[in-house]
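The block underneath contains the structure these notes are about, expressed in structure tokens.
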Amino acid sequence: SRDIYISIAGTIGLVGQVPETISGSNLTENAARIIVRDGFLSRYLMYQLASPELRAQMHAKKIATTQDKLGLFRIKELVLIKPSFEEQNEIVRRVESLFAYADRLEARYSNARAQVEKLTPSLLAKAFRGELVPQDPNDEPASELLARIAAARSTDKPVKTRQSSRAKTTPSSQKG
């Protein structure tokens, strides 16, 4: 069985499997090695230590100074559930199946997001080229329409709005 590491300083309770190439009891001053024995499967123990229940136990036992710390002796106080090997195997199988499913969902999400990001510029380009809806060949070009609008604006005289003319004839403005 492979041993587990657990972070004991800073971010408390991060867990993982210790690579076979690393030896020694402590990996760093911030991570401790847990030697897996006493009827536990390594991957089951790792998932149990990563569970919200065990993380809550760890956080309840931590010492808070300028940096959170979890003493090695406090790790031994954690209350673990030790089902049969058969149940541990099934739990590991189900957890890893759910992780694989989550990875597939994340890949699908990333793929869909990439497609949407490509789609927006191409939609804008099609819109500016007039390719989103069927075009009527009898319609005047946009340049002529804009020229007509600009000409109409330049010949129009400014019109006073009702509100501005009303403001001048209110009784309070006539008294002064």
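By convention here, the chains of the structure tokens are called A, B, ... in the order presented, each chain's residues are numbered starting at 1, and ligands are numbered starting at 1 in the order presented.
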#### Entry: helix (DSSP H, G or I) call set, DSSP backbone run, segment 27-144 of chain A, as a VMD selection string
chain A and resid 42 to 49 52 to 61 72 to 75 85 to 129 142 to 144
### Message
Applying 12 Å and only C-alpha atoms, which residues near Ile6 of chain A remain after dropping the ones on its own chain fewer than 6 positions away? List them as a PyMOL selection string.
### Response
chain A and resi 12-18+25-35+45-50+54-55+58+69-72+75
Output C-alpha atoms of each residue in that selection to a file, as an mmCIF file, in the first residue's frame.
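Generated output (out-v2.cif):
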data_model
loop_
_atom_site.group_PDB
_atom_site.id
_atom_site.type_symbol
_atom_site.label_atom_id
_atom_site.label_comp_id
_atom_site.auth_asym_id
_atom_site.auth_seq_id
_atom_site.Cartn_x
_atom_site.Cartn_y
_atom_site.Cartn_z
ATOM 1 C CA ILE A 12 -4.837 22.272 6.635
ATOM 2 C CA GLY A 13 -6.048 18.905 5.357
ATOM 3 C CA LEU A 14 -4.926 18.711 1.747
ATOM 4 C CA VAL A 15 -4.247 15.042 1.066
ATOM 5 C CA GLY A 16 -2.687 12.910 -1.615
ATOM 6 C CA GLN A 17 -0.666 9.782 -2.170
ATOM 7 C CA VAL A 18 3.059 9.958 -1.494
ATOM 8 C CA SER A 25 8.492 10.383 7.719
ATOM 9 C CA ASN A 26 7.780 14.034 6.950
ATOM 10 C CA LEU A 27 7.826 15.367 3.439
ATOM 11 C CA THR A 28 8.253 19.007 4.505
ATOM 12 C CA GLU A 29 7.509 20.914 7.659
ATOM 13 C CA ASN A 30 4.070 21.614 6.162
ATOM 14 C CA ALA A 31 3.116 18.052 5.188
ATOM 15 C CA ALA A 32 3.193 14.839 7.199
ATOM 16 C CA ARG A 33 3.365 11.284 5.936
ATOM 17 C CA ILE A 34 0.678 8.894 7.163
ATOM 18 C CA ILE A 35 1.757 5.280 6.959
ATOM 19 C CA LEU A 45 -8.033 6.598 3.549
ATOM 20 C CA MET A 46 -7.029 9.445 1.264
ATOM 21 C CA TYR A 47 -10.645 10.072 0.231
ATOM 22 C CA GLN A 48 -11.856 9.806 3.821
ATOM 23 C CA LEU A 49 -9.258 12.349 4.985
ATOM 24 C CA ALA A 50 -10.380 14.683 2.175
ATOM 25 C CA LEU A 54 -12.630 14.822 8.512
ATOM 26 C CA ARG A 55 -11.666 18.303 7.306
ATOM 27 C CA MET A 58 -8.925 18.812 11.496
ATOM 28 C CA LYS A 69 -1.011 24.338 12.200
ATOM 29 C CA LEU A 70 -2.207 20.823 12.928
ATOM 30 C CA GLY A 71 0.019 18.929 15.346
ATOM 31 C CA LEU A 72 0.992 15.386 14.377
ATOM 32 C CA ILE A 75 -3.906 13.657 13.498
#
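Using only C-alpha atoms, the nearest neighbour of Leu80 of chain A within the list A:Asp3, A:Gly39, A:Glu131, A:Tyr101 is A:Gly39.
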### Query
Contacts of Glu20 of chain A at 12 Å or less, counting only C-alpha atoms, minus same-chain residues fewer than 5 places along, as a list in words?
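That gives Ser1, Arg2, Asp3, Ile4 and Tyr5 of chain A.
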Tell me, as a PDB file with N, CA, C and O atoms, in the first residue's frame, which residues lie within 12 Å of Glu87 of chain A, counting only C-alpha atoms; anything in the same chain fewer than 5 positions away does not count.
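Done, and the output landed in out-v6.pdb:
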ATOM      1  N   GLY A  39      -5.723  -2.153   8.346  1.00  0.00           N
ATOM      2  CA  GLY A  39      -6.970  -2.467   7.657  1.00  0.00           C
ATOM      3  C   GLY A  39      -7.518  -1.378   6.754  1.00  0.00           C
ATOM      4  O   GLY A  39      -8.696  -1.417   6.424  1.00  0.00           O
ATOM      5  N   PHE A  40      -6.714  -0.408   6.383  1.00  0.00           N
ATOM      6  CA  PHE A  40      -7.174   0.641   5.480  1.00  0.00           C
ATOM      7  C   PHE A  40      -6.548   0.468   4.102  1.00  0.00           C
ATOM      8  O   PHE A  40      -5.366   0.146   3.984  1.00  0.00           O
ATOM      9  N   LEU A  41      -7.340   0.731   3.089  1.00  0.00           N
ATOM     10  CA  LEU A  41      -6.812   0.858   1.737  1.00  0.00           C
ATOM     11  C   LEU A  41      -6.312   2.291   1.579  1.00  0.00           C
ATOM     12  O   LEU A  41      -6.960   3.240   2.036  1.00  0.00           O
ATOM     13  N   TYR A  44      -8.763   4.693  -0.136  1.00  0.00           N
ATOM     14  CA  TYR A  44      -9.932   4.924   0.709  1.00  0.00           C
ATOM     15  C   TYR A  44      -9.581   5.921   1.815  1.00  0.00           C
ATOM     16  O   TYR A  44     -10.325   6.869   2.064  1.00  0.00           O
ATOM     17  N   ILE A  81     -13.587   6.096   9.987  1.00  0.00           N
ATOM     18  CA  ILE A  81     -14.511   4.975   9.795  1.00  0.00           C
ATOM     19  C   ILE A  81     -13.747   3.911   9.027  1.00  0.00           C
ATOM     20  O   ILE A  81     -13.130   4.206   8.008  1.00  0.00           O
ATOM     21  N   LYS A  82     -13.782   2.673   9.541  1.00  0.00           N
ATOM     22  CA  LYS A  82     -13.036   1.595   8.911  1.00  0.00           C
ATOM     23  C   LYS A  82     -13.963   0.461   8.511  1.00  0.00           C
ATOM     24  O   LYS A  82     -14.131  -0.519   9.235  1.00  0.00           O
ATOM     25  N   VAL A  92     -14.120   3.463  -3.005  1.00  0.00           N
ATOM     26  CA  VAL A  92     -13.083   4.019  -3.879  1.00  0.00           C
ATOM     27  C   VAL A  92     -13.548   3.961  -5.332  1.00  0.00           C
ATOM     28  O   VAL A  92     -13.408   4.935  -6.083  1.00  0.00           O
ATOM     29  N   ARG A  93     -14.135   2.840  -5.733  1.00  0.00           N
ATOM     30  CA  ARG A  93     -14.612   2.701  -7.109  1.00  0.00           C
ATOM     31  C   ARG A  93     -15.653   3.771  -7.428  1.00  0.00           C
ATOM     32  O   ARG A  93     -15.593   4.430  -8.466  1.00  0.00           O
ATOM     33  N   ARG A  94     -16.602   3.972  -6.516  1.00  0.00           N
ATOM     34  CA  ARG A  94     -17.662   4.957  -6.756  1.00  0.00           C
ATOM     35  C   ARG A  94     -17.119   6.384  -6.765  1.00  0.00           C
ATOM     36  O   ARG A  94     -17.510   7.197  -7.601  1.00  0.00           O
TER      37      ARG A  94
END
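Across the model, the gap from atom CA of Gly10 of chain A to atom CA of Arg74 of chain A is 15.6 Å.
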### Task
Please return as a PyMOL selection string: the residues of chain A that backbone DSSP assigns to strand (DSSP E or B).
chain A and resi 4-7+9+15-17+26-28+31-34+63-64+68-69
